[in-house]
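For reference, target-v5.txt is printed below; it contains compact mmCIF, C-alpha atoms.
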# COMPACT_ATOMS: atom_id res chain seq x y z
CA LEU A 12 16.97 -9.31 23.40
CA CYS A 13 13.27 -9.90 22.76
CA LEU A 14 10.50 -12.48 22.59
CA PRO A 15 9.70 -14.26 19.29
CA GLU A 16 6.40 -12.36 18.99
CA GLU A 17 8.30 -9.05 19.14
CA VAL A 18 10.00 -9.73 15.80
CA LEU A 19 8.30 -8.75 12.54
CA ALA A 20 9.44 -9.91 9.10
CA ILE A 21 7.70 -8.88 5.89
CA THR A 22 8.33 -10.14 2.37
CA PHE A 23 6.40 -10.24 -0.91
CA SER A 24 5.23 -13.80 -1.50
CA ARG A 25 3.82 -16.59 0.63
CA ASN A 26 6.56 -18.84 -0.72
CA ALA A 27 9.28 -16.45 0.48
CA ALA A 28 7.58 -16.15 3.88
CA GLU A 29 7.44 -19.94 4.22
CA ASN A 30 11.11 -20.23 3.25
CA MET A 31 11.95 -17.82 6.07
CA ARG A 32 10.08 -20.02 8.52
CA ILE A 33 11.86 -23.15 7.29
CA LYS A 34 15.31 -21.55 7.60
CA LEU A 35 14.53 -20.31 11.10
CA LYS A 36 13.39 -23.77 12.15
CA GLU A 37 16.56 -25.31 10.75
CA ARG A 38 18.72 -22.74 12.52
CA LEU A 39 16.96 -22.53 15.90
CA LYS A 40 15.55 -26.07 16.16
CA ASN A 41 13.13 -26.20 19.11
CA LYS A 42 14.46 -23.21 21.03
CA ILE A 43 11.36 -21.09 20.37
CA ASP A 44 7.66 -21.48 19.57
CA PHE A 45 7.50 -20.93 15.82
CA ASN A 46 3.78 -20.18 15.99
CA GLU A 47 4.73 -16.91 17.69
CA ILE A 48 6.94 -15.68 14.85
CA ASN A 49 5.41 -12.85 12.83
CA ILE A 50 6.37 -13.51 9.21
CA PHE A 51 3.99 -11.90 6.75
CA THR A 52 3.57 -10.80 3.19
CA PHE A 53 2.58 -7.14 2.86
CA ASN A 54 -1.00 -8.17 2.18
CA SER A 55 -1.25 -10.60 5.07
CA PHE A 56 0.33 -8.09 7.46
CA GLY A 57 -2.11 -5.41 6.37
CA ASN A 58 -5.02 -7.79 6.72
CA HIS A 59 -3.77 -8.68 10.21
CA ILE A 60 -3.90 -5.01 11.23
CA ILE A 61 -7.32 -4.54 9.64
CA SER A 62 -8.75 -7.58 11.44
CA GLU A 63 -7.44 -6.35 14.80
CA ASN A 64 -8.83 -2.84 14.25
CA SER A 65 -11.85 -3.42 12.06
CA PHE A 66 -14.22 -1.37 14.21
CA LEU A 67 -11.84 1.61 14.26
CA LEU A 68 -11.85 1.41 10.46
CA GLY A 69 -15.64 1.37 10.32
CA LEU A 70 -15.74 -2.32 9.43
CA GLY A 71 -17.39 -5.20 11.23
CA LYS A 72 -15.55 -8.36 12.18
CA ASP A 73 -17.31 -10.10 9.31
CA TYR A 74 -15.83 -7.86 6.61
CA ASN A 75 -15.14 -9.59 3.31
CA LEU A 76 -12.13 -9.41 1.03
CA ILE A 77 -13.20 -8.99 -2.59
CA ASN A 78 -11.19 -10.21 -5.56
CA ILE A 79 -10.52 -8.38 -8.82
CA PRO A 80 -13.65 -9.73 -10.61
CA LYS A 81 -15.83 -8.41 -7.77
CA SER A 82 -14.10 -5.01 -7.92
CA TRP A 83 -14.65 -5.06 -11.67
CA GLN A 84 -18.34 -5.80 -11.16
CA ILE A 85 -18.76 -2.90 -8.73
CA ILE A 86 -17.04 -0.48 -11.13
CA TYR A 87 -19.19 -1.79 -13.98
CA GLU A 88 -22.39 -0.95 -12.09
CA VAL A 89 -21.06 2.50 -11.16
CA VAL A 90 -20.08 3.25 -14.77
CA ARG A 91 -23.39 1.97 -16.10
CA LYS A 92 -25.33 4.39 -13.89
CA THR A 93 -23.03 7.39 -14.29
CA ASP A 94 -23.60 10.24 -16.70
CA PHE A 95 -20.06 11.40 -17.43
CA LYS A 96 -19.44 15.03 -18.25
CA THR A 97 -16.14 14.60 -20.09
CA VAL A 98 -14.93 11.00 -19.94
CA LYS A 99 -15.77 8.77 -22.91
CA THR A 100 -16.19 5.07 -22.15
CA GLY A 101 -15.48 3.99 -25.72
CA LYS A 102 -16.93 1.05 -27.63
CA ASP A 103 -15.26 -1.62 -25.47
CA ARG A 104 -16.45 -0.89 -21.95
CA ARG A 105 -14.33 -3.74 -20.58
CA ILE A 106 -11.12 -1.91 -21.45
CA PHE A 107 -12.49 1.28 -19.92
CA ILE A 108 -13.35 -0.47 -16.65
CA ASP A 109 -9.93 -2.15 -16.54
CA ASN A 110 -8.33 1.29 -16.88
CA ILE A 111 -10.57 2.76 -14.18
CA LEU A 112 -9.53 0.00 -11.79
CA LYS A 113 -5.85 0.59 -12.54
CA TYR A 114 -6.41 4.30 -11.93
CA ILE A 115 -7.98 3.63 -8.52
CA TRP A 116 -5.20 1.20 -7.58
CA ASP A 117 -2.58 3.78 -8.57
CA LEU A 118 -4.30 6.33 -6.34
CA LYS A 119 -4.25 3.90 -3.41
CA ASN A 120 -0.64 2.94 -4.08
CA ASN A 121 0.13 6.64 -3.70
CA LEU A 122 -2.08 6.93 -0.58
CA ILE A 123 -4.60 9.32 -2.14
CA THR A 124 -8.10 9.15 -0.66
CA PRO A 125 -11.28 10.18 -2.51
CA VAL A 126 -11.52 13.20 -0.20
CA GLN A 127 -7.96 14.29 -1.02
CA LEU A 128 -8.57 13.85 -4.75
CA ARG A 129 -11.78 15.88 -4.58
CA GLU A 130 -10.02 18.65 -2.63
CA TYR A 131 -7.26 18.73 -5.24
CA ILE A 132 -9.78 19.05 -8.06
CA ASN A 133 -11.66 21.83 -6.27
CA SER A 134 -8.44 23.73 -5.59
CA SER A 135 -7.40 23.45 -9.24
CA GLU A 136 -10.78 24.83 -10.31
CA ASN A 137 -10.29 27.81 -8.01
CA LEU A 138 -6.83 28.32 -9.45
CA LEU A 139 -8.18 28.28 -13.01
CA ALA A 140 -10.44 31.22 -12.24
CA GLY A 141 -7.36 33.44 -12.18
CA PHE A 142 -5.95 32.33 -15.54
CA LYS A 143 -5.51 35.22 -17.98
CA SER A 144 -5.09 32.99 -21.04
CA LEU A 145 -8.56 31.85 -22.11
CA ALA A 146 -7.16 29.10 -24.35
CA LEU A 147 -5.02 27.64 -21.55
CA LYS A 148 -7.90 28.00 -19.10
CA ASN A 149 -10.25 26.06 -21.41
CA GLU A 150 -7.65 23.32 -21.87
CA GLU A 151 -7.08 22.96 -18.13
CA GLU A 152 -10.82 23.00 -17.42
CA VAL A 153 -11.26 19.96 -19.68
CA ILE A 154 -8.58 18.14 -17.67
CA ALA A 155 -10.22 19.17 -14.39
CA ASP A 156 -13.63 17.95 -15.62
CA TYR A 157 -12.02 14.65 -16.68
CA GLN A 158 -10.50 14.23 -13.22
CA ALA A 159 -13.84 15.08 -11.61
CA ASP A 160 -15.54 12.30 -13.58
CA LEU A 161 -12.92 9.78 -12.45
CA CYS A 162 -13.09 11.02 -8.87
CA ASN A 163 -16.85 10.46 -8.92
CA VAL A 164 -16.28 6.79 -9.82
CA TYR A 165 -13.64 6.43 -7.09
CA GLU A 166 -15.99 7.94 -4.50
CA GLN A 167 -18.87 5.66 -5.46
CA TYR A 168 -16.65 2.58 -5.52
CA GLU A 169 -15.44 3.27 -1.98
CA GLN A 170 -18.95 4.10 -0.79
CA ILE A 171 -20.34 0.80 -2.08
CA LYS A 172 -17.51 -1.10 -0.41
CA ASN A 173 -18.06 0.67 2.90
CA GLU A 174 -21.81 0.11 2.82
CA ASN A 175 -21.30 -3.61 2.20
CA ASN A 176 -18.39 -4.15 4.60
CA LEU A 177 -15.92 -4.95 1.84
CA VAL A 178 -12.17 -4.42 1.37
CA ASP A 179 -10.04 -5.03 -1.70
CA TYR A 180 -6.41 -6.13 -1.94
CA HIS A 181 -5.09 -2.59 -2.21
CA ASP A 182 -6.83 -1.74 1.07
CA HIS A 183 -4.43 -4.10 2.85
CA VAL A 184 -1.78 -1.37 2.87
CA PHE A 185 -3.96 1.68 2.27
CA LEU A 186 -6.26 1.19 5.29
CA PRO A 187 -3.53 0.45 7.89
CA TYR A 188 -1.63 3.52 6.73
CA ARG A 189 -4.73 5.70 7.10
CA LEU A 190 -5.35 4.14 10.50
CA PHE A 191 -1.82 4.99 11.69
CA ILE A 192 -2.24 8.57 10.43
CA GLU A 193 -5.63 9.13 12.04
CA LYS A 194 -5.07 7.11 15.23
CA PRO A 195 -1.53 7.76 16.56
CA PRO A 196 -2.06 5.52 19.65
CA VAL A 197 -2.64 2.57 17.30
CA ARG A 198 0.59 3.33 15.46
CA GLU A 199 2.42 3.56 18.77
CA HIS A 200 0.96 0.21 19.86
CA TYR A 201 2.42 -1.61 16.85
CA SER A 202 5.75 0.20 17.12
CA LYS A 203 6.09 -1.02 20.69
CA LYS A 204 4.82 -4.48 19.79
CA TYR A 205 7.52 -5.09 17.17
CA LYS A 206 10.97 -4.35 18.57
CA TYR A 207 12.86 -5.73 15.57
CA ILE A 208 11.52 -5.22 12.05
CA PHE A 209 12.95 -6.89 8.96
CA ILE A 210 11.80 -6.00 5.41
CA ASP A 211 12.84 -8.15 2.46
CA GLU A 212 13.16 -7.05 -1.21
CA PHE A 213 12.72 -3.38 -0.33
CA GLN A 214 13.50 -2.29 -3.90
CA ASP A 215 10.13 -3.77 -4.92
CA THR A 216 8.02 -1.76 -2.48
CA ASP A 217 5.59 0.83 -3.79
CA VAL A 218 4.95 4.22 -2.19
CA ALA A 219 2.21 2.94 0.12
CA GLN A 220 4.21 -0.07 1.34
CA GLY A 221 7.26 2.07 1.99
CA ARG A 222 5.33 4.68 3.96
CA LEU A 223 3.50 2.05 6.03
CA ILE A 224 6.80 0.45 7.02
CA ALA A 225 8.31 3.83 7.89
CA MET A 226 5.40 4.54 10.23
CA LEU A 227 6.17 1.39 12.22
CA TYR A 228 9.58 2.76 13.15
CA GLN A 229 10.10 4.89 16.27
CA PRO A 230 13.60 5.93 17.44
CA GLY A 231 14.46 4.41 20.79
CA VAL A 232 11.47 2.07 20.63
CA ASN A 233 12.38 -0.43 17.90
CA ARG A 234 14.96 -1.19 15.23
CA MET A 235 14.54 -1.83 11.54
CA MET A 236 16.56 -3.53 8.83
CA ILE A 237 15.69 -3.40 5.15
CA VAL A 238 17.25 -5.69 2.56
CA GLY A 239 17.24 -4.90 -1.13
CA ASP A 240 19.17 -4.50 -4.35
CA ASP A 241 18.51 -1.41 -6.46
CA ASP A 242 19.97 -3.23 -9.47
CA GLN A 243 17.02 -5.63 -9.26
CA GLY A 244 14.38 -2.91 -9.19
CA ILE A 245 12.49 -4.15 -12.25
CA TYR A 246 8.86 -3.90 -11.10
CA SER A 247 8.07 -0.24 -11.73
CA PHE A 248 5.37 -1.40 -14.18
CA ARG A 249 3.37 -2.68 -11.21
CA GLY A 250 3.97 0.32 -8.99
CA ALA A 251 7.34 -0.42 -7.37
CA CYS A 252 9.17 2.77 -6.39
CA ILE A 253 12.95 2.35 -6.62
CA GLU A 254 13.33 5.72 -4.85
CA ASN A 255 12.23 3.99 -1.64
CA ILE A 256 15.58 2.28 -1.31
CA LEU A 257 17.69 4.94 -3.04
CA SER A 258 16.46 7.77 -0.78
CA PHE A 259 15.87 5.75 2.38
CA HIS A 260 18.41 7.83 4.31
CA GLU A 261 16.49 11.02 3.49
CA TRP A 262 13.09 9.99 4.85
CA ASP A 263 11.82 12.14 7.70
CA GLU A 264 11.55 9.10 9.94
CA PHE A 265 15.26 8.32 9.60
CA THR A 266 17.07 11.62 9.01
CA ASP A 267 17.78 12.09 12.73
CA GLU A 268 19.11 8.55 13.07
CA SER A 269 22.36 7.00 11.88
CA VAL A 270 21.32 4.70 9.05
CA LYS A 271 24.07 2.17 8.40
CA ASP A 272 24.68 0.48 5.05
CA TYR A 273 25.90 -3.11 4.89
CA LEU A 274 27.00 -4.04 1.38
CA LEU A 275 26.75 -7.71 0.45
CA THR A 276 29.28 -8.13 -2.34
CA THR A 277 29.53 -11.95 -2.41
CA ASN A 278 27.19 -13.82 -4.75
CA PHE A 279 26.00 -17.01 -3.02
CA ARG A 280 23.48 -17.95 -5.71
CA SER A 281 25.64 -18.40 -8.81
CA GLY A 282 28.55 -20.71 -9.40
CA GLU A 283 32.07 -19.64 -10.32
CA ASN A 284 31.14 -19.49 -13.99
Let me see the file written as structure tokens.
Amino acid sequence: LCLPEEVLAITFSRNAAENMRIKLKERLKNKIDFNEINIFTFNSFGNHIISENSFLLGLGKDYNLINIPKSWQIIYEVVRKTDFKTVKTGKDRRIFIDNILKYIWDLKNNLITPVQLREYINSSENLLAGFKSLALKNEEEVIADYQADLCNVYEQYEQIKNENNLVDYHDHVFLPYRLFIEKPPVREHYSKKYKYIFIDEFQDTDVAQGRLIAMLYQPGVNRMMIVGDDDQGIYSFRGACIENILSFHEWDEFTDESVKDYLLTTNFRSGEN
């Protein structure tokens, strides 16, 4: 059917990925070269794409992955030098910076770039000019100014990262998705590269992860299987979007295809009691 390197499997943890490898080795013995099997976490898969296309993304081969403390430090310097129009940092600046980081991560999880956020703010300001209610207009202008302050931080954070050849963990999905959108031949390359795609724990994917996976699929080019349990969708607090699995059939990428459901009704984990 295909070569080992034409299979892609993605799961959430390194432990789960290693368990997949172990089970494949036990099942297939020495029939294939296990170094050719593409089993990734979402982050490692995204980093793989970034490393193979770093120049197309405006990065050098020596780009560096920054951790949360480094992201925190960058935001701290941006906040320290910024004269906010509406936003109040409060007495405890640490809490404020934590919230700013969560805000930026939420934007990336929903695939919103600084440019798109700025365009949204500008369009809302134009819309407010036509408001007849002065009270409502004033209220909405405060919200728009608040968003503009936050957008300014987001823009500076990304600019500093770009200037210093840095990526953060949320870029691992965000950047490959943007790359596929802006460079269709690159998307087509990976769709042809992976003929069989397997996604584990799909109920735990966020918006960005779900959209990235959907972009890998091309009818007639490859096949995809997702595995998940909507009853176990308990990670919405960290961005998981249960609608990904509930509305999978309705996605534009799959509406013209016959999506088949296979219900696993036997519990192999628990005993009879």
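Non-sequential neighbours of Met31 (chain A) (distance at most 10 Å, separation of 6 or more positions within a chain, only C-alpha atoms) are Ala20, Ile21, Thr22, Arg25, Glu37, Ile50 and Phe51 of chain A.
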Centre and edges of the region 94-108 of chain A box, axis-aligned, 4 Å extra per side, as JSON:
{"center_x": -17.4, "center_y": 5.6, "center_z": -22.1, "size_x": 20.5, "size_y": 26.8, "size_z": 19.0}
Per-residue nearest contacts region 47-106 of chain A to region 164-182 of chain A, cut-off 7 Å, using only C-alpha atoms, as a tab-separated table:
residue	atom	partner	partner_atom	distance
A:Leu70	CA	A:Asn176	CA	5.8
A:Gly71	CA	A:Asn176	CA	6.8
A:Tyr74	CA	A:Asn176	CA	4.9
A:Asn75	CA	A:Leu177	CA	4.9
A:Leu76	CA	A:Val178	CA	5.0
A:Ile77	CA	A:Asp179	CA	5.1
A:Asn78	CA	A:Asp179	CA	6.6
A:Ile85	CA	A:Tyr168	CA	6.7
A:Ile86	CA	A:Tyr168	CA	6.4
A:Val89	CA	A:Val164	CA	6.6
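Nearest residue to Lys119 (chain A), choosing from A:Gln229, A:Pro187, A:Ile253, A:Glu17 and counting only C-alpha atoms: A:Pro187.
For Asp263 (chain A), the non-local neighbours within 12 Å, defined as residues at least 4 positions apart in the same chain or in other chains and counting all atoms listed in the file, are Arg222, Ala225, Met226, Tyr228, Gln229, Pro230, Ser258, Phe259, Asp267 and Glu268 of chain A.
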Can you spit out the residues from that selection as a CSV table (one decimal), keeping the file's coordinate frame, using C-alpha atoms?
chain,number,residue,atom,x,y,z
A,222,ARG,CA,5.3,4.7,4.0
A,225,ALA,CA,8.3,3.8,7.9
A,226,MET,CA,5.4,4.5,10.2
A,228,TYR,CA,9.6,2.8,13.2
A,229,GLN,CA,10.1,4.9,16.3
A,230,PRO,CA,13.6,5.9,17.4
A,258,SER,CA,16.5,7.8,-0.8
A,259,PHE,CA,15.9,5.8,2.4
A,267,ASP,CA,17.8,12.1,12.7
A,268,GLU,CA,19.1,8.6,13.1
Original post:
Between CA of Asn30 (chain A) and CA of Asp211 (chain A), what is the spacing in Å?
Top reply: 12.2 Å
Original post:
Pick from A:Asp242, A:Asp272, A:Glu264, A:Glu130: nearest to Leu223 (chain A), with only C-alpha atoms counted?
Top reply: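 Nearest candidate to Leu223 (chain A) out of A:Asp242, A:Asp272, A:Glu264, A:Glu130: A:Glu264.
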Subject >> Nearest to Gln158 (chain A) by atom-to-atom distance, counting all atoms listed in the file, from A:Phe56, A:Tyr114, A:Tyr201, A:Tyr207 >> reply: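 Among the listed residues, A:Tyr114 lies closest to Gln158 (chain A).
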Subject >> Residues within 12 Å of (-12.4, 5.1, -17.8), file coords, all atoms listed in the file, listed as a VMD selection string >> reply: chain A and resid 86 to 87 89 to 91 93 95 97 to 115 157 to 165
